[in-house]
>>> print(open('data_14.cif').read())   # mmCIF, C-alpha atoms and all ligand atoms
data_structure
loop_
_atom_site.label_atom_id
_atom_site.label_comp_id
_atom_site.auth_asym_id
_atom_site.auth_seq_id
_atom_site.Cartn_x
_atom_site.Cartn_y
_atom_site.Cartn_z
CA MET A 1 4.93 41.87 -7.49
CA ASP A 2 3.79 38.59 -6.01
CA LYS A 3 2.90 35.82 -8.37
CA GLN A 4 -0.04 33.68 -7.39
CA TYR A 5 -0.27 29.96 -8.03
CA THR A 6 -2.30 26.95 -6.93
CA THR A 7 -1.10 23.43 -6.21
CA ASP A 8 -1.82 20.30 -4.22
CA ALA A 9 0.81 19.77 -1.52
CA ILE A 10 1.63 17.46 1.39
CA ASN A 11 3.11 18.94 4.58
CA ILE A 12 6.48 17.42 5.44
CA LYS A 13 7.83 19.50 8.32
CA SER A 14 6.69 22.45 10.36
CA TYR A 15 8.94 25.00 12.13
CA PRO A 16 7.90 27.94 14.28
CA LEU A 17 8.77 31.30 12.71
CA ASN A 18 7.50 33.48 15.58
CA ASP A 19 4.66 33.44 18.11
CA PHE A 20 1.96 33.25 15.47
CA ASP A 21 3.37 31.91 12.22
CA ASN A 22 4.84 28.64 11.09
CA ILE A 23 7.15 27.76 8.25
CA LEU A 24 6.05 24.67 6.38
CA LEU A 25 8.19 22.45 4.24
CA MET A 26 5.91 20.77 1.70
CA TYR A 27 6.06 18.59 -1.33
CA SER A 28 3.88 20.14 -4.02
CA LYS A 29 2.49 18.62 -7.18
CA SER A 30 3.44 21.55 -9.37
CA ALA A 31 6.76 22.80 -7.97
CA GLY A 32 8.28 19.95 -5.92
CA LEU A 33 9.76 20.86 -2.54
CA ILE A 34 8.61 24.31 -1.35
CA LYS A 35 8.98 26.37 1.82
CA CYS A 36 5.99 28.45 2.82
CA ILE A 37 4.82 30.76 5.54
CA ALA A 38 1.56 29.73 7.19
CA LYS A 39 0.46 33.09 8.64
CA GLY A 40 -1.39 32.83 11.93
CA ALA A 41 -1.15 29.03 11.96
CA LYS A 42 -0.27 29.02 15.67
CA LYS A 43 -3.29 31.03 16.73
CA PRO A 44 -5.80 28.76 18.52
CA LYS A 45 -8.70 29.32 16.14
CA SER A 46 -6.72 29.43 12.93
CA LYS A 47 -8.25 27.44 10.07
CA LEU A 48 -4.84 27.25 8.50
CA GLY A 49 -3.39 25.82 11.72
CA ALA A 50 -5.60 22.77 11.43
CA ARG A 51 -4.40 22.19 7.89
CA ALA A 52 -0.75 22.88 8.59
CA GLN A 53 -0.19 19.58 10.41
CA VAL A 54 2.52 17.29 9.14
CA LEU A 55 1.33 14.70 6.58
CA PHE A 56 -1.86 16.57 5.67
CA ALA A 57 -2.59 17.04 1.98
CA ASN A 58 -4.14 20.35 0.94
CA LYS A 59 -5.10 22.26 -2.14
CA LEU A 60 -3.33 25.58 -1.74
CA MET A 61 -3.31 29.04 -3.18
CA LEU A 62 0.07 30.70 -2.72
CA ASN A 63 1.92 33.90 -3.43
CA LYS A 64 5.41 33.30 -4.68
CA GLY A 65 8.03 35.00 -2.55
CA LYS A 66 11.81 35.34 -2.66
CA THR A 67 12.60 32.87 0.13
CA PHE A 68 9.19 31.68 1.27
CA ASP A 69 5.92 31.43 -0.57
CA LYS A 70 2.91 32.64 1.37
CA ILE A 71 -0.23 30.52 1.73
CA THR A 72 -3.34 32.58 1.03
CA GLN A 73 -5.89 29.76 0.95
CA ALA A 74 -5.93 26.11 2.01
CA GLN A 75 -8.56 23.50 1.34
CA GLY A 76 -8.15 20.07 2.94
CA LEU A 77 -7.73 17.08 0.58
CA ASN A 78 -6.74 14.24 2.89
CA THR A 79 -5.81 14.04 6.56
CA PHE A 80 -4.85 10.34 6.26
CA SER A 81 -6.68 9.86 9.54
CA LYS A 82 -6.04 6.10 9.83
CA LEU A 83 -2.32 6.81 9.57
CA ARG A 84 -2.55 8.90 12.74
CA GLU A 85 -4.27 6.19 14.78
CA ASP A 86 -1.31 3.83 14.75
CA PHE A 87 2.24 4.48 15.91
CA ASP A 88 3.90 2.31 13.23
CA LYS A 89 1.85 3.84 10.44
CA LEU A 90 2.71 7.35 11.58
CA SER A 91 6.42 6.49 12.05
CA TYR A 92 6.78 5.06 8.56
CA GLY A 93 4.72 7.90 7.07
CA LEU A 94 7.19 10.34 8.66
CA TYR A 95 10.07 8.24 7.42
CA CYS A 96 8.74 8.67 3.85
CA ALA A 97 8.40 12.42 4.42
CA ASP A 98 12.01 12.56 5.63
CA PHE A 99 13.09 10.57 2.59
CA ILE A 100 11.35 13.10 0.30
CA SER A 101 12.99 16.05 2.07
CA ILE A 102 16.44 14.48 1.64
CA PHE A 103 16.14 13.19 -1.92
CA CYS A 104 13.63 15.39 -3.69
CA ALA A 105 15.07 18.92 -3.71
CA ASP A 106 15.22 20.26 -7.28
CA THR A 107 12.68 17.82 -8.66
CA GLU A 108 10.33 20.33 -10.25
CA GLU A 109 10.20 18.38 -13.50
CA GLU A 110 9.31 15.09 -11.80
CA ALA A 111 7.10 16.75 -9.17
CA GLU A 112 3.78 15.39 -10.37
CA ILE A 113 4.99 11.78 -10.43
CA ILE A 114 6.81 12.05 -7.08
CA TYR A 115 3.78 13.71 -5.47
CA ASP A 116 1.55 10.86 -6.66
CA ILE A 117 3.96 8.19 -5.34
CA PHE A 118 4.09 9.99 -1.97
CA TYR A 119 0.32 10.51 -1.78
CA LYS A 120 -0.51 6.92 -2.71
CA THR A 121 2.07 5.58 -0.26
CA LEU A 122 0.49 7.54 2.62
CA GLU A 123 -2.89 6.18 1.57
CA ASN A 124 -1.52 2.62 1.31
CA ILE A 125 0.19 2.84 4.71
CA ALA A 126 -3.02 4.25 6.25
CA ASN A 127 -4.96 1.24 4.90
CA SER A 128 -2.35 -1.39 5.81
CA LYS A 129 -3.58 -4.23 8.00
CA ASP A 130 -0.31 -5.10 9.76
CA LYS A 131 3.36 -4.18 10.20
CA LYS A 132 4.44 -6.30 7.23
CA GLU A 133 2.16 -4.41 4.89
CA ILE A 134 3.34 -1.05 6.27
CA LEU A 135 6.97 -2.06 5.65
CA LEU A 136 6.13 -3.39 2.20
CA GLN A 137 4.51 -0.09 1.20
CA THR A 138 7.48 1.89 2.54
CA LEU A 139 9.89 -0.36 0.66
CA LYS A 140 7.89 0.08 -2.54
CA PHE A 141 7.90 3.84 -2.00
CA GLN A 142 11.70 3.93 -1.75
CA LEU A 143 12.17 1.78 -4.84
CA HIS A 144 9.83 3.96 -6.90
CA ILE A 145 11.33 7.29 -5.77
CA LEU A 146 14.90 6.07 -6.37
CA GLU A 147 13.90 4.85 -9.82
CA GLU A 148 12.30 8.20 -10.64
CA LEU A 149 15.45 10.07 -9.57
CA GLY A 150 17.73 7.86 -11.68
CA TRP A 151 19.11 5.88 -8.72
CA GLY A 152 17.13 2.74 -9.48
CA ILE A 153 18.87 -0.62 -9.34
CA ASP A 154 18.55 -3.11 -12.17
CA PHE A 155 18.47 -6.15 -9.90
CA ARG A 156 18.26 -8.66 -12.73
CA THR A 157 21.43 -7.65 -14.60
CA CYS A 158 25.13 -7.47 -13.64
CA SER A 159 26.25 -3.80 -13.55
CA CYS A 160 29.69 -4.80 -14.80
CA CYS A 161 29.29 -7.31 -17.65
CA GLY A 162 25.56 -7.04 -18.30
CA ALA A 163 24.95 -10.76 -17.81
CA GLU A 164 21.64 -11.89 -16.40
CA ILE A 165 21.81 -12.66 -12.66
CA GLU A 166 21.43 -16.36 -12.11
CA GLU A 167 21.32 -17.83 -8.62
CA TYR A 168 22.76 -14.95 -6.58
CA SER A 169 23.42 -11.28 -7.04
CA TYR A 170 26.32 -9.61 -5.23
CA PHE A 171 25.43 -6.09 -4.29
CA SER A 172 27.96 -3.37 -3.57
CA ASN A 173 26.96 -0.15 -1.83
CA GLU A 174 30.36 1.33 -2.72
CA GLU A 175 29.85 0.72 -6.43
CA LYS A 176 26.10 1.29 -6.21
CA GLY A 177 25.37 -1.75 -8.31
CA ASN A 178 24.94 -5.50 -8.35
CA PHE A 179 27.27 -8.07 -9.82
CA CYS A 180 27.16 -11.61 -11.13
CA THR A 181 29.24 -14.35 -9.47
CA CYS A 182 32.21 -13.76 -11.84
CA CYS A 183 32.38 -9.96 -11.58
CA ALA A 184 31.88 -9.94 -7.80
CA LYS A 185 35.06 -11.95 -7.16
CA SER A 186 37.43 -8.97 -6.94
CA ASN A 187 35.08 -6.96 -4.74
CA ILE A 188 35.10 -7.91 -1.07
CA LYS A 189 32.45 -5.52 0.20
CA VAL A 190 29.50 -7.20 -1.41
CA GLN A 191 26.22 -8.46 -0.06
CA LYS A 192 24.94 -11.76 -1.38
CA ILE A 193 21.30 -11.62 -2.45
CA PRO A 194 19.38 -14.74 -3.44
CA LYS A 195 17.36 -14.81 -6.67
CA LYS A 196 14.11 -15.00 -4.67
CA LEU A 197 14.74 -11.54 -3.17
CA ILE A 198 15.82 -10.14 -6.54
CA GLU A 199 12.48 -11.19 -8.01
CA PHE A 200 10.64 -9.69 -5.06
CA LEU A 201 12.45 -6.33 -5.30
CA SER A 202 12.16 -6.20 -9.10
CA THR A 203 8.43 -6.87 -8.96
CA LEU A 204 7.81 -4.19 -6.31
CA LYS A 205 9.77 -1.70 -8.39
CA GLU A 206 7.83 -2.47 -11.56
CA VAL A 207 4.20 -2.52 -10.42
CA ALA A 208 2.03 0.59 -10.08
CA MET A 209 1.66 2.03 -6.57
CA ASP A 210 -1.93 0.82 -6.19
CA GLU A 211 -1.35 -2.57 -7.81
CA LYS A 212 -1.16 -5.72 -5.70
CA THR A 213 1.45 -8.41 -6.32
CA GLN A 214 1.65 -12.10 -5.44
CA TYR A 215 4.21 -11.11 -2.76
CA ASP A 216 1.68 -9.06 -0.78
CA GLU A 217 0.55 -12.36 0.71
CA LEU A 218 3.60 -14.58 0.09
CA ALA A 219 6.40 -12.54 1.64
CA ASP A 220 6.77 -12.72 5.42
CA LEU A 221 7.72 -9.90 7.78
CA ASN A 222 11.33 -11.03 8.02
CA THR A 223 11.86 -11.06 4.25
CA VAL A 224 10.26 -7.65 3.82
CA ASN A 225 12.36 -6.28 6.67
CA ILE A 226 15.63 -7.61 5.17
CA CYS A 227 14.79 -5.93 1.86
CA PHE A 228 13.74 -2.73 3.59
CA GLN A 229 17.02 -2.53 5.53
CA PHE A 230 18.97 -3.26 2.38
CA ILE A 231 17.35 -0.43 0.38
CA LYS A 232 17.56 1.90 3.38
CA LYS A 233 21.34 1.35 3.59
CA TYR A 234 21.69 1.86 -0.14
CA SER A 235 19.70 5.12 0.11
CA GLU A 236 21.88 6.33 2.97
CA LYS A 237 24.96 5.65 0.90
CA ILE A 238 23.54 7.76 -1.92
CA SER A 239 22.35 10.61 0.25
CA GLY A 240 25.65 10.67 2.08
CA ARG A 241 23.99 11.01 5.40
CA VAL A 242 22.18 8.71 7.75
CA GLN A 243 18.47 9.30 7.97
CA LYS A 244 17.82 10.21 11.51
CA PHE A 245 15.27 7.71 12.52
CA SER A 246 14.86 5.76 15.68
CA ASP A 247 13.06 2.47 15.32
CA PHE A 248 14.33 0.69 12.27
CA ASN A 249 16.36 -1.97 13.99
CA LEU A 250 13.47 -3.11 16.12
CA ILE A 251 12.80 -6.22 14.10
CA ALA A 252 15.57 -8.74 14.49
CA SER A 253 16.45 -10.38 11.21
ZN ZN B 301 29.12 -9.73 -14.44
#
>>> encode(input="data_14.cif", output="structure tokens", more="lines below")
Ligand SMILES: [Zn+2]
Amino acid sequence: MDKQYTTDAINIKSYPLNDFDNILLMYSKSAGLIKCIAKGAKKPKSKLGARAQVLFANKLMLNKGKTFDKITQAQGLNTFSKLREDFDKLSYGLYCADFISIFCADTEEEAEIIYDIFYKTLENIANSKDKKEILLQTLKFQLHILEELGWGIDFRTCSCCGAEIEEYSYFSNEEKGNFCTCCAKSNIKVQKIPKKLIEFLSTLKEVAMDEKTQYDELADLNTVNICFQFIKKYSEKISGRVQKFSDFNLIAS
């Protein structure tokens, strides 16, 4: 017997199943990452087809299946239309979706929080006024998701001796932690991070998704990009695979 359930969900990826139907990978508020069949989504006049686009949020009714759940009803919640009008906004929105698909399998317990971070990020990116703000929102997204999954970095404290970081932190991707000047000495593969960036990253990690910080205006594109690249590398180290994405070295640092 099929079991019916309802949930809000954001489409992450869409694959063709046959001539008429698509398979959708979605992040749902009640069950985390789910794979569904969108029956008839490829037919020209399908209502479901319009709602099955990547990065659309819908309220869904589904029948639970063995491998795939089946969508029986879909009601649009947000198409994030401003995100689709700008190449950078769309690219970074898709980057976030990719990040979710890599990191957020088996996150049923944290699903509601992760869904809200994802949803608010898409909204924030859609409303961003320039590239810096888009990058800042994507950086904030990564920091919040990593924190939620237990991969958060305590930038202010040495992972080895627990001392407070003073002028510089020395970050190691291998050890997945940051070190004070003393503890970093024996480790050659470290990245030196000035206190200013530590404060910036810590603040972004700690504020709510819709809260502004002093850095929204203060930080320049270069600073935000350095931090973004840094967290991206750290994430890749954790996930054990490189996120396939094209344009992230565009900005010279
Ligand atoms: Zn130390």
>>> residues_around(input="data_14.cif", residues="range 53-55 of chain A", least_positions_apart="6", cutoff="6 Å", atoms="only C-alpha atoms", output="mmCIF file with C-alpha atoms, in the frame of the given file")
data_model
loop_
_atom_site.group_PDB
_atom_site.id
_atom_site.type_symbol
_atom_site.label_atom_id
_atom_site.label_comp_id
_atom_site.auth_asym_id
_atom_site.auth_seq_id
_atom_site.Cartn_x
_atom_site.Cartn_y
_atom_site.Cartn_z
ATOM 1 C CA ILE A 10 1.630 17.460 1.390
ATOM 2 C CA ASN A 11 3.110 18.940 4.580
ATOM 3 C CA ILE A 12 6.480 17.420 5.440
ATOM 4 C CA LYS A 13 7.830 19.500 8.320
#
>>> residues_around(input="data_14.cif", residues="range 34-46 of chain A", least_positions_apart="6", cutoff="10 Å", atoms="all atoms listed in the file", output="PyMOL selection string")
chain A and resi 9+11-28+52-53+62-65+67-74+101+105-106+108
>>> closest_residue(input="data_14.cif", among="A:Ser172, A:Gln229, A:Ser159, A:Thr203", to="ligand ZN 301 (chain B)", atoms="all atoms listed in the file")
A:Ser159
>>> residues_near_ligand(input="data_14.cif", ligand="ligand ZN 301 (chain B)", cutoff="10 Å", atoms="only C-alpha atoms and all ligand atoms", output="list in words")
Thr157, Cys158, Ser159, Cys160, Cys161, Gly162, Ala163, Glu164, Ile165, Ser169, Tyr170, Asn178, Phe179, Cys180, Thr181, Cys182, Cys183, Ala184 and Lys185 of chain A
>>> closest_residue(input="data_14.cif", among="A:Glu85, A:Glu166, A:Gly152, A:Leu60", to="Tyr5 in chain A", atoms="all atoms listed in the file")
A:Leu60
>>> decode(input="data_14.cif", residues="range 34-96 of chain A", atoms="C-alpha atoms", output="mmCIF file, in the first residue's frame")
data_model
loop_
_atom_site.group_PDB
_atom_site.id
_atom_site.type_symbol
_atom_site.label_atom_id
_atom_site.label_comp_id
_atom_site.auth_asym_id
_atom_site.auth_seq_id
_atom_site.Cartn_x
_atom_site.Cartn_y
_atom_site.Cartn_z
ATOM 1 C CA ILE A 34 14.098 12.551 -1.852
ATOM 2 C CA LYS A 35 13.834 11.102 -5.348
ATOM 3 C CA CYS A 36 10.458 11.355 -7.025
ATOM 4 C CA ILE A 37 8.736 10.567 -10.266
ATOM 5 C CA ALA A 38 7.030 13.526 -11.909
ATOM 6 C CA LYS A 39 4.530 11.700 -14.136
ATOM 7 C CA GLY A 40 3.826 13.425 -17.437
ATOM 8 C CA ALA A 41 6.184 16.305 -16.612
ATOM 9 C CA LYS A 42 7.618 16.264 -20.153
ATOM 10 C CA LYS A 43 4.263 16.599 -21.868
ATOM 11 C CA PRO A 44 3.889 20.121 -23.310
ATOM 12 C CA LYS A 45 0.786 21.097 -21.358
ATOM 13 C CA SER A 46 1.691 19.421 -18.097
ATOM 14 C CA LYS A 47 1.041 21.539 -15.007
ATOM 15 C CA LEU A 48 3.573 19.465 -13.160
ATOM 16 C CA GLY A 49 6.168 20.148 -15.863
ATOM 17 C CA ALA A 50 6.079 23.854 -15.100
ATOM 18 C CA ARG A 51 6.675 23.151 -11.426
ATOM 19 C CA ALA A 52 9.339 20.521 -11.971
ATOM 20 C CA GLN A 53 12.010 23.041 -12.976
ATOM 21 C CA VAL A 54 15.239 23.089 -11.022
ATOM 22 C CA LEU A 55 15.258 25.521 -8.063
ATOM 23 C CA PHE A 56 11.473 25.815 -7.846
ATOM 24 C CA ALA A 57 9.899 25.401 -4.414
ATOM 25 C CA ASN A 58 6.581 23.566 -4.251
ATOM 26 C CA LYS A 59 4.131 22.223 -1.744
ATOM 27 C CA LEU A 60 3.739 18.582 -2.715
ATOM 28 C CA MET A 61 1.521 15.635 -2.064
ATOM 29 C CA LEU A 62 3.366 12.372 -2.604
ATOM 30 C CA ASN A 63 2.900 8.642 -2.456
ATOM 31 C CA LYS A 64 5.787 6.888 -0.824
ATOM 32 C CA GLY A 65 7.332 4.246 -3.061
ATOM 33 C CA LYS A 66 10.145 1.714 -2.717
ATOM 34 C CA THR A 67 12.717 3.569 -4.828
ATOM 35 C CA PHE A 68 10.887 6.684 -5.958
ATOM 36 C CA ASP A 69 8.055 8.587 -4.381
ATOM 37 C CA LYS A 70 5.333 9.670 -6.771
ATOM 38 C CA ILE A 71 4.096 13.266 -6.919
ATOM 39 C CA THR A 72 0.300 13.381 -6.940
ATOM 40 C CA GLN A 73 -0.158 17.132 -6.447
ATOM 41 C CA ALA A 74 2.090 20.184 -6.687
ATOM 42 C CA GLN A 75 1.339 23.737 -5.687
ATOM 43 C CA GLY A 76 3.925 26.422 -6.458
ATOM 44 C CA LEU A 77 5.489 28.244 -3.484
ATOM 45 C CA ASN A 78 8.341 30.209 -5.028
ATOM 46 C CA THR A 79 9.918 30.283 -8.474
ATOM 47 C CA PHE A 80 12.724 32.611 -7.299
ATOM 48 C CA SER A 81 12.167 34.499 -10.540
ATOM 49 C CA LYS A 82 14.872 37.149 -9.943
ATOM 50 C CA LEU A 83 17.393 34.338 -9.551
ATOM 51 C CA ARG A 84 16.641 33.221 -13.103
ATOM 52 C CA GLU A 85 17.192 36.654 -14.638
ATOM 53 C CA ASP A 86 20.896 36.770 -13.854
ATOM 54 C CA PHE A 87 23.597 34.294 -14.839
ATOM 55 C CA ASP A 88 25.634 34.694 -11.626
ATOM 56 C CA LYS A 89 22.582 34.327 -9.406
ATOM 57 C CA LEU A 90 21.504 31.175 -11.217
ATOM 58 C CA SER A 91 25.045 29.719 -11.179
ATOM 59 C CA TYR A 92 25.473 30.189 -7.449
ATOM 60 C CA GLY A 93 21.928 28.968 -6.785
ATOM 61 C CA LEU A 94 22.823 25.772 -8.664
ATOM 62 C CA TYR A 95 26.084 25.569 -6.758
ATOM 63 C CA CYS A 96 24.086 25.558 -3.496
#
